[in-house]
Amino acid sequence: QKEVEQNSGPLSVPEGAIASLNCTYSDRVSQSFFWYRQYSGKSPELIMSIYSNGDKEDGRFTAQLNKASQYVSLLIRDSQPSDSATYLCAVNIYDQAGTALIFGKGTTLSVSS
Amino acid sequence: ETGVTQSPTHLIKTRGQQVTLRCSSQSGHNTVSWYQQALGQGPQFIFQYYREEENGRGNFPPRFSGLQFPNYSSELNVNALELDDSALYLCASSDSVGETQYFGPGTRLLVL
């Protein structure tokens, strides 16, 4: 069973702080990794995709990938109350049956003003 | 550019009934995936369609079935509904297999 693991949280940070969200995955051959944000009652929206080892920055968000450790993280700088949501890590899995995007259970982030 | 749309937004069914959920993919996208999201859980992969063929299936029973049409829109059918089928059903499209998926607003299904 190919799995994606995240701490469910809640992760609480004050406004302006850095929030760090972590994810590990079990499938060594996975090549594409995604972070989605999901507000309560809404559908997931893409924050970032990452395919290569190292860091990828987009505004206040930085995704980090370490394939050797099977580890993906998301840093949110200058956290805002509007960042309060559930963050979902997702990994593309390829097998004989085809492809699947496997999600973790999500980490709930709460940013207090 | 039109995003992913789903219908209906909400649905109430009783146990044993059948349901069909619909999804229109984003313009230019030929791949559609369906997910079930129970409360407090991450989305669980049901299956994926690429150019009208099933291209991967998660751990769901055969009473979950799907179709993709020539215009790349898709349907999810669930037969013999059970109480545990109550969930948010999400459709996502991408411009090819393995590429970034973009989600529709979802259909919330309640089975009584």
# chains A, B, ... in the order shown; residues from 1 in each chain; ligands from 1
>>> interface_residues(of="chain A", to="chain B", cutoff="8 Å", atoms="only C-alpha atoms", output="ChimeraX atom specification")
/A:32,34,42-46,49,88,92,97-106
>>> residues_around(residues="B:Thr2", least_positions_apart="4", cutoff="12 Å", atoms="only C-alpha atoms", output="list in words")
Ser24, Ser25, Gln26, Ser27, Gly28, His29, Ser93, Tyr102 and Gly104 of chain B
>>> write_last_selection(atoms="all heavy atoms", output="PDB file, in the first residue's frame")
ATOM      1  N   SER B  24     -17.248  18.379 -15.795  1.00  0.00           N
ATOM      2  CA  SER B  24     -16.713  18.922 -17.043  1.00  0.00           C
ATOM      3  C   SER B  24     -15.287  19.370 -16.803  1.00  0.00           C
ATOM      4  O   SER B  24     -15.030  20.161 -15.890  1.00  0.00           O
ATOM      5  CB  SER B  24     -17.552  20.114 -17.515  1.00  0.00           C
ATOM      6  OG  SER B  24     -18.804  19.675 -17.946  1.00  0.00           O
ATOM      7  N   SER B  25     -14.373  18.854 -17.590  1.00  0.00           N
ATOM      8  CA  SER B  25     -12.963  19.157 -17.376  1.00  0.00           C
ATOM      9  C   SER B  25     -12.627  20.573 -17.846  1.00  0.00           C
ATOM     10  O   SER B  25     -13.366  21.188 -18.617  1.00  0.00           O
ATOM     11  CB  SER B  25     -12.082  18.144 -18.108  1.00  0.00           C
ATOM     12  OG  SER B  25     -12.345  18.165 -19.488  1.00  0.00           O
ATOM     13  N   GLN B  26     -11.498  21.059 -17.356  1.00  0.00           N
ATOM     14  CA  GLN B  26     -11.012  22.368 -17.784  1.00  0.00           C
ATOM     15  C   GLN B  26     -10.660  22.311 -19.264  1.00  0.00           C
ATOM     16  O   GLN B  26     -10.219  21.278 -19.769  1.00  0.00           O
ATOM     17  CB  GLN B  26      -9.780  22.730 -16.954  1.00  0.00           C
ATOM     18  CG  GLN B  26      -9.228  24.123 -17.181  1.00  0.00           C
ATOM     19  CD  GLN B  26      -8.188  24.495 -16.145  1.00  0.00           C
ATOM     20  OE1 GLN B  26      -8.385  24.285 -14.953  1.00  0.00           O
ATOM     21  NE2 GLN B  26      -7.080  25.020 -16.602  1.00  0.00           N
ATOM     22  N   SER B  27     -10.886  23.422 -19.950  1.00  0.00           N
ATOM     23  CA  SER B  27     -10.605  23.498 -21.373  1.00  0.00           C
ATOM     24  C   SER B  27      -9.178  23.033 -21.679  1.00  0.00           C
ATOM     25  O   SER B  27      -8.216  23.453 -21.037  1.00  0.00           O
ATOM     26  CB  SER B  27     -10.790  24.951 -21.837  1.00  0.00           C
ATOM     27  OG  SER B  27     -10.448  25.083 -23.187  1.00  0.00           O
ATOM     28  N   GLY B  28      -9.051  22.122 -22.656  1.00  0.00           N
ATOM     29  CA  GLY B  28      -7.740  21.625 -23.059  1.00  0.00           C
ATOM     30  C   GLY B  28      -7.248  20.419 -22.278  1.00  0.00           C
ATOM     31  O   GLY B  28      -6.194  19.862 -22.595  1.00  0.00           O
ATOM     32  N   HIS B  29      -7.987  20.002 -21.257  1.00  0.00           N
ATOM     33  CA  HIS B  29      -7.578  18.860 -20.427  1.00  0.00           C
ATOM     34  C   HIS B  29      -8.229  17.578 -20.916  1.00  0.00           C
ATOM     35  O   HIS B  29      -9.438  17.551 -21.179  1.00  0.00           O
ATOM     36  CB  HIS B  29      -7.963  19.108 -18.969  1.00  0.00           C
ATOM     37  CG  HIS B  29      -7.108  20.113 -18.290  1.00  0.00           C
ATOM     38  ND1 HIS B  29      -7.221  20.395 -16.941  1.00  0.00           N
ATOM     39  CD2 HIS B  29      -6.117  20.912 -18.753  1.00  0.00           C
ATOM     40  CE1 HIS B  29      -6.318  21.321 -16.615  1.00  0.00           C
ATOM     41  NE2 HIS B  29      -5.649  21.650 -17.701  1.00  0.00           N
ATOM     42  N   SER B  93      -9.135  17.637 -13.194  1.00  0.00           N
ATOM     43  CA  SER B  93      -8.661  17.407 -14.561  1.00  0.00           C
ATOM     44  C   SER B  93      -7.225  17.884 -14.719  1.00  0.00           C
ATOM     45  O   SER B  93      -6.730  18.711 -13.937  1.00  0.00           O
ATOM     46  CB  SER B  93      -9.583  18.088 -15.576  1.00  0.00           C
ATOM     47  OG  SER B  93      -9.407  19.490 -15.593  1.00  0.00           O
ATOM     48  N   TYR B 102      -6.304  19.914 -11.349  1.00  0.00           N
ATOM     49  CA  TYR B 102      -7.075  21.051 -10.864  1.00  0.00           C
ATOM     50  C   TYR B 102      -8.468  20.551 -10.515  1.00  0.00           C
ATOM     51  O   TYR B 102      -9.109  19.876 -11.324  1.00  0.00           O
ATOM     52  CB  TYR B 102      -7.130  22.159 -11.910  1.00  0.00           C
ATOM     53  CG  TYR B 102      -5.756  22.708 -12.218  1.00  0.00           C
ATOM     54  CD1 TYR B 102      -4.976  22.162 -13.236  1.00  0.00           C
ATOM     55  CD2 TYR B 102      -5.225  23.755 -11.460  1.00  0.00           C
ATOM     56  CE1 TYR B 102      -3.703  22.640 -13.497  1.00  0.00           C
ATOM     57  CE2 TYR B 102      -3.960  24.245 -11.719  1.00  0.00           C
ATOM     58  CZ  TYR B 102      -3.194  23.690 -12.743  1.00  0.00           C
ATOM     59  OH  TYR B 102      -1.931  24.151 -12.995  1.00  0.00           O
ATOM     60  N   GLY B 104     -12.490  20.548  -9.260  1.00  0.00           N
ATOM     61  CA  GLY B 104     -13.782  21.207  -9.305  1.00  0.00           C
ATOM     62  C   GLY B 104     -14.281  21.473  -7.893  1.00  0.00           C
ATOM     63  O   GLY B 104     -13.621  21.084  -6.915  1.00  0.00           O
TER      64      GLY B 104
END
>>> atom_distance(atom1="atom CA of A:Ile18", atom2="atom CA of A:Gln31")
26.9 Å
>>> closest_residue(among="B:Phe69, B:Leu76, B:Ala87, B:Glu82", to="A:Gly41", atoms="only C-alpha atoms")
B:Ala87
>>> atom_distance(atom1="atom CA of B:Pro70", atom2="atom CA of B:Glu53")
10.5 Å
>>> residues_around(residues="A:Leu75", least_positions_apart="6", cutoff="7 Å", atoms="only C-alpha atoms", output="list of chain:residue names")
A:Ile18, A:Ala19, A:Ser20, A:Leu21, A:Phe61, A:Thr62, A:Ala63
>>> atom_distance(atom1="atom CA of A:Leu109", atom2="atom CA of A:Ser8")
9.2 Å
>>> residues_around(residues="stretch 12-23 of chain B", least_positions_apart="4", cutoff="6 Å", atoms="only C-alpha atoms", output="list in words")
Thr5, Gln6, Ser7, Ser73, Ser74, Glu75, Leu76, Asn77, Val78, Asn79, Ala80, Leu81, Glu82, Leu109, Leu110, Val111 and Leu112 of chain B
>>> residues_around(residues="A:Ser69", least_positions_apart="6", cutoff="10 Å", atoms="only C-alpha atoms", output="VMD selection string")
chain A and resid 24 to 26 28
>>> residues_around(residues="A:Gln70", least_positions_apart="2", cutoff="12 Å", atoms="only C-alpha atoms", output="list in words")
Glu3, Val4, Glu5, Asn22, Cys23, Thr24, Tyr25, Ser26, Asp27, Arg28, Val29, Ser30, Gln31, Ser32, Phe33, Asn53, Gln64, Leu65, Asn66, Lys67, Ala68, Val72, Ser73 and Val91 of chain A
>>> select_by_dssp(residues="stretch 14-106 of chain B", states="strand (DSSP E)", output="CSV table (one decimal) with all heavy atoms, in the first residue's frame")
chain,number,residue,atom,x,y,z
B,19,VAL,N,-26.6,6.6,-8.0
B,19,VAL,CA,-26.4,8.1,-8.2
B,19,VAL,C,-25.4,8.2,-9.3
B,19,VAL,O,-24.5,7.4,-9.5
B,19,VAL,CB,-25.9,8.7,-6.9
B,19,VAL,CG1,-24.5,8.3,-6.5
B,19,VAL,CG2,-25.9,10.2,-7.0
B,20,THR,N,-25.6,9.3,-10.1
B,20,THR,CA,-24.6,9.7,-11.1
B,20,THR,C,-24.2,11.1,-10.9
B,20,THR,O,-25.0,12.0,-10.8
B,20,THR,CB,-25.3,9.6,-12.5
B,20,THR,OG1,-25.7,8.3,-12.8
B,20,THR,CG2,-24.3,10.1,-13.6
B,21,LEU,N,-22.9,11.3,-10.8
B,21,LEU,CA,-22.3,12.6,-10.6
B,21,LEU,C,-21.6,13.0,-11.9
B,21,LEU,O,-21.0,12.1,-12.6
B,21,LEU,CB,-21.3,12.6,-9.5
B,21,LEU,CG,-21.8,12.0,-8.1
B,21,LEU,CD1,-20.7,12.1,-7.1
B,21,LEU,CD2,-23.1,12.7,-7.7
B,22,ARG,N,-21.6,14.3,-12.2
B,22,ARG,CA,-21.0,14.7,-13.5
B,22,ARG,C,-19.9,15.8,-13.3
B,22,ARG,O,-19.9,16.5,-12.4
B,22,ARG,CB,-22.1,15.3,-14.4
B,22,ARG,CG,-23.1,14.2,-14.8
B,22,ARG,CD,-24.3,14.8,-15.7
B,22,ARG,NE,-25.1,13.7,-16.1
B,22,ARG,CZ,-26.1,13.1,-15.4
B,22,ARG,NH1,-26.4,13.6,-14.2
B,22,ARG,NH2,-26.8,12.1,-15.9
B,23,CYS,N,-19.0,15.8,-14.3
B,23,CYS,CA,-17.8,16.6,-14.2
B,23,CYS,C,-17.5,17.1,-15.6
B,23,CYS,O,-17.4,16.3,-16.6
B,23,CYS,CB,-16.6,15.9,-13.6
B,23,CYS,SG,-15.1,16.7,-13.7
B,24,SER,N,-17.2,18.4,-15.8
B,24,SER,CA,-16.7,18.9,-17.0
B,24,SER,C,-15.3,19.4,-16.8
B,24,SER,O,-15.0,20.2,-15.9
B,24,SER,CB,-17.6,20.1,-17.5
B,24,SER,OG,-18.8,19.7,-17.9
B,31,THR,N,-7.6,14.5,-19.2
B,31,THR,CA,-7.5,13.5,-18.2
B,31,THR,C,-8.4,13.9,-17.0
B,31,THR,O,-8.3,15.1,-16.6
B,31,THR,CB,-6.0,13.3,-17.7
B,31,THR,OG1,-5.2,13.0,-18.8
B,31,THR,CG2,-5.9,12.2,-16.7
B,32,VAL,N,-9.2,13.0,-16.5
B,32,VAL,CA,-10.1,13.3,-15.4
B,32,VAL,C,-9.9,12.3,-14.3
B,32,VAL,O,-9.9,11.1,-14.6
B,32,VAL,CB,-11.6,13.3,-15.9
B,32,VAL,CG1,-12.5,13.5,-14.7
B,32,VAL,CG2,-11.8,14.5,-16.8
B,33,SER,N,-9.8,12.7,-13.1
B,33,SER,CA,-9.7,11.8,-11.9
B,33,SER,C,-10.8,12.1,-11.0
B,33,SER,O,-11.3,13.2,-10.8
B,33,SER,CB,-8.4,12.0,-11.2
B,33,SER,OG,-7.3,11.7,-12.1
B,34,TRP,N,-11.3,11.1,-10.3
B,34,TRP,CA,-12.3,11.2,-9.3
B,34,TRP,C,-11.8,10.8,-7.9
B,34,TRP,O,-11.0,9.8,-7.8
B,34,TRP,CB,-13.5,10.3,-9.6
B,34,TRP,CG,-14.4,10.8,-10.8
B,34,TRP,CD1,-14.2,10.5,-12.1
B,34,TRP,CD2,-15.5,11.7,-10.7
B,34,TRP,NE1,-15.2,11.2,-12.8
B,34,TRP,CE2,-16.0,11.9,-12.0
B,34,TRP,CE3,-16.1,12.3,-9.6
B,34,TRP,CZ2,-17.1,12.7,-12.2
B,34,TRP,CZ3,-17.2,13.1,-9.9
B,34,TRP,CH2,-17.7,13.3,-11.2
B,35,TYR,N,-12.3,11.5,-6.9
B,35,TYR,CA,-11.8,11.3,-5.5
B,35,TYR,C,-13.0,11.3,-4.6
B,35,TYR,O,-14.0,12.0,-4.8
B,35,TYR,CB,-10.8,12.3,-5.0
B,35,TYR,CG,-9.6,12.4,-5.9
B,35,TYR,CD1,-9.5,13.1,-7.1
B,35,TYR,CD2,-8.5,11.7,-5.5
B,35,TYR,CE1,-8.4,13.2,-7.8
B,35,TYR,CE2,-7.3,11.7,-6.2
B,35,TYR,CZ,-7.3,12.5,-7.4
B,35,TYR,OH,-6.1,12.5,-8.1
B,36,GLN,N,-12.9,10.5,-3.5
B,36,GLN,CA,-13.9,10.6,-2.4
B,36,GLN,C,-13.2,11.2,-1.2
B,36,GLN,O,-12.1,10.7,-0.8
B,36,GLN,CB,-14.4,9.2,-2.1
B,36,GLN,CG,-15.4,9.1,-1.0
B,36,GLN,CD,-15.6,7.7,-0.5
B,36,GLN,OE1,-14.8,7.1,0.1
B,36,GLN,NE2,-16.8,7.1,-0.7
B,37,GLN,N,-13.8,12.2,-0.6
B,37,GLN,CA,-13.3,12.7,0.6
B,37,GLN,C,-14.3,12.7,1.8
B,37,GLN,O,-15.3,13.4,1.8
B,37,GLN,CB,-12.8,14.2,0.4
B,37,GLN,CG,-12.0,14.8,1.6
B,37,GLN,CD,-11.5,16.1,1.3
B,37,GLN,OE1,-12.0,16.9,0.5
B,37,GLN,NE2,-10.4,16.5,2.0
B,44,GLN,N,-9.5,10.5,-1.4
B,44,GLN,CA,-9.0,9.1,-1.7
B,44,GLN,C,-9.3,8.9,-3.2
B,44,GLN,O,-10.5,9.1,-3.7
B,44,GLN,CB,-9.8,8.1,-0.9
B,44,GLN,CG,-9.2,7.8,0.4
B,44,GLN,CD,-9.7,6.4,1.0
B,44,GLN,OE1,-10.8,6.3,1.4
B,44,GLN,NE2,-8.8,5.5,1.0
B,45,PHE,N,-8.3,8.4,-3.9
B,45,PHE,CA,-8.4,8.2,-5.4
B,45,PHE,C,-9.4,7.1,-5.7
B,45,PHE,O,-9.3,6.0,-5.2
B,45,PHE,CB,-7.0,7.8,-5.9
B,45,PHE,CG,-6.9,7.5,-7.3
B,45,PHE,CD1,-7.1,8.4,-8.3
B,45,PHE,CD2,-6.6,6.2,-7.7
B,45,PHE,CE1,-7.0,8.1,-9.7
B,45,PHE,CE2,-6.5,5.9,-9.1
B,45,PHE,CZ,-6.7,6.8,-10.0
B,46,ILE,N,-10.3,7.4,-6.6
B,46,ILE,CA,-11.3,6.4,-7.0
B,46,ILE,C,-10.8,5.8,-8.4
B,46,ILE,O,-10.6,4.6,-8.5
B,46,ILE,CB,-12.7,6.9,-7.2
B,46,ILE,CG1,-13.2,7.5,-5.9
B,46,ILE,CG2,-13.7,5.8,-7.7
B,46,ILE,CD1,-14.6,8.2,-6.0
B,47,PHE,N,-10.7,6.6,-9.4
B,47,PHE,CA,-10.2,6.2,-10.7
B,47,PHE,C,-9.8,7.4,-11.5
B,47,PHE,O,-10.2,8.5,-11.2
B,47,PHE,CB,-11.1,5.2,-11.5
B,47,PHE,CG,-12.6,5.5,-11.5
B,47,PHE,CD1,-13.0,6.8,-11.9
B,47,PHE,CD2,-13.5,4.6,-11.0
B,47,PHE,CE1,-14.4,7.1,-11.9
B,47,PHE,CE2,-14.8,4.9,-11.0
B,47,PHE,CZ,-15.3,6.1,-11.4
B,48,GLN,N,-9.1,7.1,-12.6
B,48,GLN,CA,-8.7,8.1,-13.6
B,48,GLN,C,-9.1,7.7,-15.0
B,48,GLN,O,-8.9,6.5,-15.3
B,48,GLN,CB,-7.2,8.4,-13.5
B,48,GLN,CG,-6.7,9.5,-14.4
B,48,GLN,CD,-5.2,9.6,-14.3
B,48,GLN,OE1,-4.4,9.0,-14.9
B,48,GLN,NE2,-4.8,10.6,-13.4
B,49,TYR,N,-9.5,8.7,-15.8
B,49,TYR,CA,-9.7,8.4,-17.2
B,49,TYR,C,-8.8,9.3,-18.1
B,49,TYR,O,-8.7,10.5,-17.8
B,49,TYR,CB,-11.2,8.7,-17.6
B,49,TYR,CG,-12.1,7.5,-17.2
B,49,TYR,CD1,-12.6,7.5,-15.9
B,49,TYR,CD2,-12.4,6.5,-18.0
B,49,TYR,CE1,-13.4,6.4,-15.5
B,49,TYR,CE2,-13.2,5.4,-17.6
B,49,TYR,CZ,-13.7,5.4,-16.4
B,49,TYR,OH,-14.4,4.3,-16.0
B,50,TYR,N,-8.2,8.7,-19.1
B,50,TYR,CA,-7.4,9.4,-20.0
B,50,TYR,C,-7.9,9.0,-21.4
B,50,TYR,O,-7.9,7.9,-21.8
B,50,TYR,CB,-5.9,9.0,-19.8
B,50,TYR,CG,-5.0,9.4,-20.9
B,50,TYR,CD1,-4.8,10.8,-21.1
B,50,TYR,CD2,-4.3,8.5,-21.7
B,50,TYR,CE1,-3.9,11.2,-22.1
B,50,TYR,CE2,-3.5,9.0,-22.7
B,50,TYR,CZ,-3.2,10.3,-22.9
B,50,TYR,OH,-2.4,10.8,-23.9
B,53,GLU,N,-10.4,6.2,-21.7
B,53,GLU,CA,-10.0,4.8,-21.2
B,53,GLU,C,-9.7,5.0,-19.7
B,53,GLU,O,-9.0,5.9,-19.3
B,53,GLU,CB,-8.8,4.3,-21.9
B,53,GLU,CG,-9.1,4.0,-23.4
B,53,GLU,CD,-10.0,2.8,-23.6
B,53,GLU,OE1,-10.0,1.9,-22.8
B,53,GLU,OE2,-10.7,2.8,-24.6
B,54,GLU,N,-10.0,4.0,-18.9
B,54,GLU,CA,-9.6,4.0,-17.5
B,54,GLU,C,-8.1,3.8,-17.4
B,54,GLU,O,-7.6,2.9,-18.0
B,54,GLU,CB,-10.4,2.9,-16.7
B,54,GLU,CG,-10.1,3.0,-15.2
B,54,GLU,CD,-10.9,1.9,-14.4
B,54,GLU,OE1,-12.1,2.1,-14.3
B,54,GLU,OE2,-10.3,1.0,-13.9
B,55,ASN,N,-7.5,4.6,-16.6
B,55,ASN,CA,-6.0,4.6,-16.5
B,55,ASN,C,-5.5,4.5,-15.1
B,55,ASN,O,-4.5,5.0,-14.8
B,55,ASN,CB,-5.5,5.9,-17.2
B,55,ASN,CG,-4.0,6.0,-17.2
B,55,ASN,OD1,-3.4,5.1,-17.8
B,55,ASN,ND2,-3.4,7.0,-16.6
B,56,GLY,N,-6.2,3.8,-14.3
B,56,GLY,CA,-5.8,3.7,-12.9
B,56,GLY,C,-7.1,3.6,-12.0
B,56,GLY,O,-8.0,4.3,-12.3
B,57,ARG,N,-7.0,2.8,-11.0
B,57,ARG,CA,-8.2,2.6,-10.1
B,57,ARG,C,-7.7,2.4,-8.7
B,57,ARG,O,-6.7,1.7,-8.5
B,57,ARG,CB,-9.0,1.4,-10.6
B,57,ARG,CG,-10.3,1.3,-9.8
B,57,ARG,CD,-11.2,0.1,-10.3
B,57,ARG,NE,-12.4,0.1,-9.5
B,57,ARG,CZ,-13.6,0.7,-9.9
B,57,ARG,NH1,-13.6,1.3,-11.1
B,57,ARG,NH2,-14.6,0.6,-9.2
B,64,PHE,N,-18.6,1.3,-7.9
B,64,PHE,CA,-18.2,2.6,-8.3
B,64,PHE,C,-17.7,2.4,-9.8
B,64,PHE,O,-16.7,1.7,-10.0
B,64,PHE,CB,-17.0,3.1,-7.5
B,64,PHE,CG,-17.5,3.5,-6.1
B,64,PHE,CD1,-17.7,2.6,-5.1
B,64,PHE,CD2,-17.6,4.9,-5.8
B,64,PHE,CE1,-18.1,3.1,-3.8
B,64,PHE,CE2,-18.0,5.3,-4.5
B,64,PHE,CZ,-18.2,4.4,-3.6
B,65,SER,N,-18.3,3.1,-10.7
B,65,SER,CA,-17.9,3.0,-12.1
B,65,SER,C,-17.9,4.4,-12.7
B,65,SER,O,-18.5,5.3,-12.2
B,65,SER,CB,-18.9,2.0,-12.9
B,65,SER,OG,-20.2,2.6,-12.9
B,66,GLY,N,-17.3,4.4,-13.9
B,66,GLY,CA,-17.2,5.8,-14.5
B,66,GLY,C,-17.2,5.7,-16.0
B,66,GLY,O,-17.1,4.6,-16.6
B,67,LEU,N,-17.2,6.9,-16.6
B,67,LEU,CA,-17.2,7.0,-18.0
B,67,LEU,C,-16.5,8.3,-18.3
B,67,LEU,O,-16.6,9.3,-17.5
B,67,LEU,CB,-18.6,7.1,-18.6
B,67,LEU,CG,-19.4,5.9,-18.9
B,67,LEU,CD1,-20.8,6.3,-19.3
B,67,LEU,CD2,-18.7,5.0,-19.9
B,68,GLN,N,-15.8,8.4,-19.5
B,68,GLN,CA,-15.3,9.6,-20.0
B,68,GLN,C,-15.8,9.8,-21.4
B,68,GLN,O,-15.7,8.8,-22.2
B,68,GLN,CB,-13.8,9.8,-19.9
B,68,GLN,CG,-13.3,11.2,-20.3
B,68,GLN,CD,-11.8,11.3,-20.3
B,68,GLN,OE1,-11.1,10.4,-20.5
B,68,GLN,NE2,-11.4,12.5,-19.9
B,74,SER,N,-16.9,13.8,-17.8
B,74,SER,CA,-16.9,12.4,-17.2
B,74,SER,C,-18.1,12.3,-16.2
B,74,SER,O,-18.7,13.3,-15.7
B,74,SER,CB,-15.6,12.3,-16.4
B,74,SER,OG,-15.5,11.0,-15.7
B,75,GLU,N,-18.4,11.0,-16.0
B,75,GLU,CA,-19.4,10.7,-15.0
B,75,GLU,C,-18.9,9.7,-14.0
B,75,GLU,O,-18.1,8.8,-14.3
B,75,GLU,CB,-20.6,10.0,-15.7
B,75,GLU,CG,-21.5,10.9,-16.4
B,75,GLU,CD,-22.7,10.2,-17.0
B,75,GLU,OE1,-22.8,9.0,-16.9
B,75,GLU,OE2,-23.6,10.9,-17.6
B,76,LEU,N,-19.4,9.8,-12.8
B,76,LEU,CA,-19.1,8.8,-11.7
B,76,LEU,C,-20.5,8.2,-11.3
B,76,LEU,O,-21.4,9.0,-11.0
B,76,LEU,CB,-18.4,9.4,-10.5
B,76,LEU,CG,-18.4,8.6,-9.2
B,76,LEU,CD1,-17.6,7.4,-9.3
B,76,LEU,CD2,-17.9,9.5,-8.0
B,77,ASN,N,-20.6,6.9,-11.4
B,77,ASN,CA,-21.8,6.2,-11.0
B,77,ASN,C,-21.5,5.4,-9.8
B,77,ASN,O,-20.5,4.7,-9.8
B,77,ASN,CB,-22.3,5.3,-12.2
B,77,ASN,CG,-22.6,6.1,-13.4
B,77,ASN,OD1,-23.6,6.8,-13.4
B,77,ASN,ND2,-21.8,6.0,-14.4
B,78,VAL,N,-22.4,5.4,-8.9
B,78,VAL,CA,-22.3,4.6,-7.7
B,78,VAL,C,-23.6,3.8,-7.5
B,78,VAL,O,-24.7,4.5,-7.4
B,78,VAL,CB,-22.0,5.4,-6.4
B,78,VAL,CG1,-21.8,4.4,-5.2
B,78,VAL,CG2,-20.8,6.3,-6.6
B,87,ALA,N,-20.1,11.5,1.5
B,87,ALA,CA,-18.8,12.2,1.4
B,87,ALA,C,-18.9,13.3,0.4
B,87,ALA,O,-19.9,13.5,-0.3
B,87,ALA,CB,-17.7,11.1,0.9
B,88,LEU,N,-17.7,14.0,0.3
B,88,LEU,CA,-17.5,15.0,-0.8
B,88,LEU,C,-16.9,14.3,-2.0
B,88,LEU,O,-15.8,13.7,-1.8
B,88,LEU,CB,-16.7,16.1,-0.3
B,88,LEU,CG,-16.3,17.3,-1.3
B,88,LEU,CD1,-17.6,18.0,-1.7
B,88,LEU,CD2,-15.3,18.2,-0.7
B,89,TYR,N,-17.5,14.3,-3.2
B,89,TYR,CA,-16.9,13.7,-4.3
B,89,TYR,C,-16.3,14.8,-5.2
B,89,TYR,O,-16.9,15.7,-5.6
B,89,TYR,CB,-17.9,12.9,-5.1
B,89,TYR,CG,-18.3,11.6,-4.3
B,89,TYR,CD1,-19.2,11.6,-3.3
B,89,TYR,CD2,-17.6,10.4,-4.6
B,89,TYR,CE1,-19.5,10.5,-2.6
B,89,TYR,CE2,-17.9,9.3,-3.8
B,89,TYR,CZ,-18.8,9.3,-2.8
B,89,TYR,OH,-19.1,8.2,-2.1
B,90,LEU,N,-15.0,14.6,-5.4
B,90,LEU,CA,-14.2,15.6,-6.2
B,90,LEU,C,-13.8,15.1,-7.5
B,90,LEU,O,-13.4,13.9,-7.6
B,90,LEU,CB,-13.0,16.0,-5.4
B,90,LEU,CG,-13.2,16.7,-4.0
B,90,LEU,CD1,-12.0,16.5,-3.1
B,90,LEU,CD2,-13.6,18.1,-4.2
B,91,CYS,N,-13.8,15.9,-8.5
B,91,CYS,CA,-13.3,15.6,-9.8
B,91,CYS,C,-12.2,16.6,-10.1
B,91,CYS,O,-12.2,17.8,-9.7
B,91,CYS,CB,-14.5,15.9,-10.8
B,91,CYS,SG,-13.9,15.9,-12.5
B,92,ALA,N,-11.1,16.1,-10.7
B,92,ALA,CA,-10.0,16.9,-11.0
B,92,ALA,C,-9.6,16.6,-12.5
B,92,ALA,O,-9.6,15.5,-12.9
B,92,ALA,CB,-8.8,16.6,-10.1
B,93,SER,N,-9.1,17.6,-13.2
B,93,SER,CA,-8.7,17.4,-14.6
B,93,SER,C,-7.2,17.9,-14.7
B,93,SER,O,-6.7,18.7,-13.9
B,93,SER,CB,-9.6,18.1,-15.6
B,93,SER,OG,-9.4,19.5,-15.6
B,94,SER,N,-6.5,17.3,-15.7
B,94,SER,CA,-5.2,17.7,-16.0
B,94,SER,C,-5.0,17.6,-17.5
B,94,SER,O,-5.8,16.9,-18.2
B,94,SER,CB,-4.2,16.8,-15.3
B,94,SER,OG,-4.4,15.5,-15.6
B,102,TYR,N,-6.3,19.9,-11.3
B,102,TYR,CA,-7.1,21.1,-10.9
B,102,TYR,C,-8.5,20.6,-10.5
B,102,TYR,O,-9.1,19.9,-11.3
B,102,TYR,CB,-7.1,22.2,-11.9
B,102,TYR,CG,-5.8,22.7,-12.2
B,102,TYR,CD1,-5.0,22.2,-13.2
B,102,TYR,CD2,-5.2,23.8,-11.5
B,102,TYR,CE1,-3.7,22.6,-13.5
B,102,TYR,CE2,-4.0,24.2,-11.7
B,102,TYR,CZ,-3.2,23.7,-12.7
B,102,TYR,OH,-1.9,24.2,-13.0
B,103,PHE,N,-8.9,20.9,-9.3
B,103,PHE,CA,-10.2,20.4,-8.8
B,103,PHE,C,-11.4,21.2,-9.1
B,103,PHE,O,-11.3,22.5,-9.1
B,103,PHE,CB,-10.0,20.2,-7.3
B,103,PHE,CG,-9.2,19.0,-6.9
B,103,PHE,CD1,-7.8,19.1,-6.8
B,103,PHE,CD2,-9.8,17.8,-6.6
B,103,PHE,CE1,-7.1,18.0,-6.5
B,103,PHE,CE2,-9.1,16.7,-6.2
B,103,PHE,CZ,-7.7,16.8,-6.2
>>> decode(residues="stretch 87-101 of chain A", atoms="C-alpha atoms", output="compact mmCIF listing (two decimals), in the first residue's frame")
# COMPACT_ATOMS: atom_id res chain seq x y z
CA TYR A 87 -2.80 21.67 3.72
CA LEU A 88 -2.76 18.49 1.70
CA CYS A 89 0.40 16.81 0.43
CA ALA A 90 -0.09 14.70 -2.71
CA VAL A 91 2.23 12.33 -4.58
CA ASN A 92 1.82 10.85 -8.07
CA ILE A 93 2.08 7.06 -7.99
CA TYR A 94 2.71 5.00 -11.11
CA ASP A 95 2.05 1.28 -11.27
CA GLN A 96 0.86 -1.40 -13.69
CA ALA A 97 -2.74 -0.22 -13.42
CA GLY A 98 -1.91 3.35 -14.32
CA THR A 99 -1.43 6.46 -12.28
CA ALA A 100 -2.96 7.82 -9.11
CA LEU A 101 -2.57 10.95 -7.04
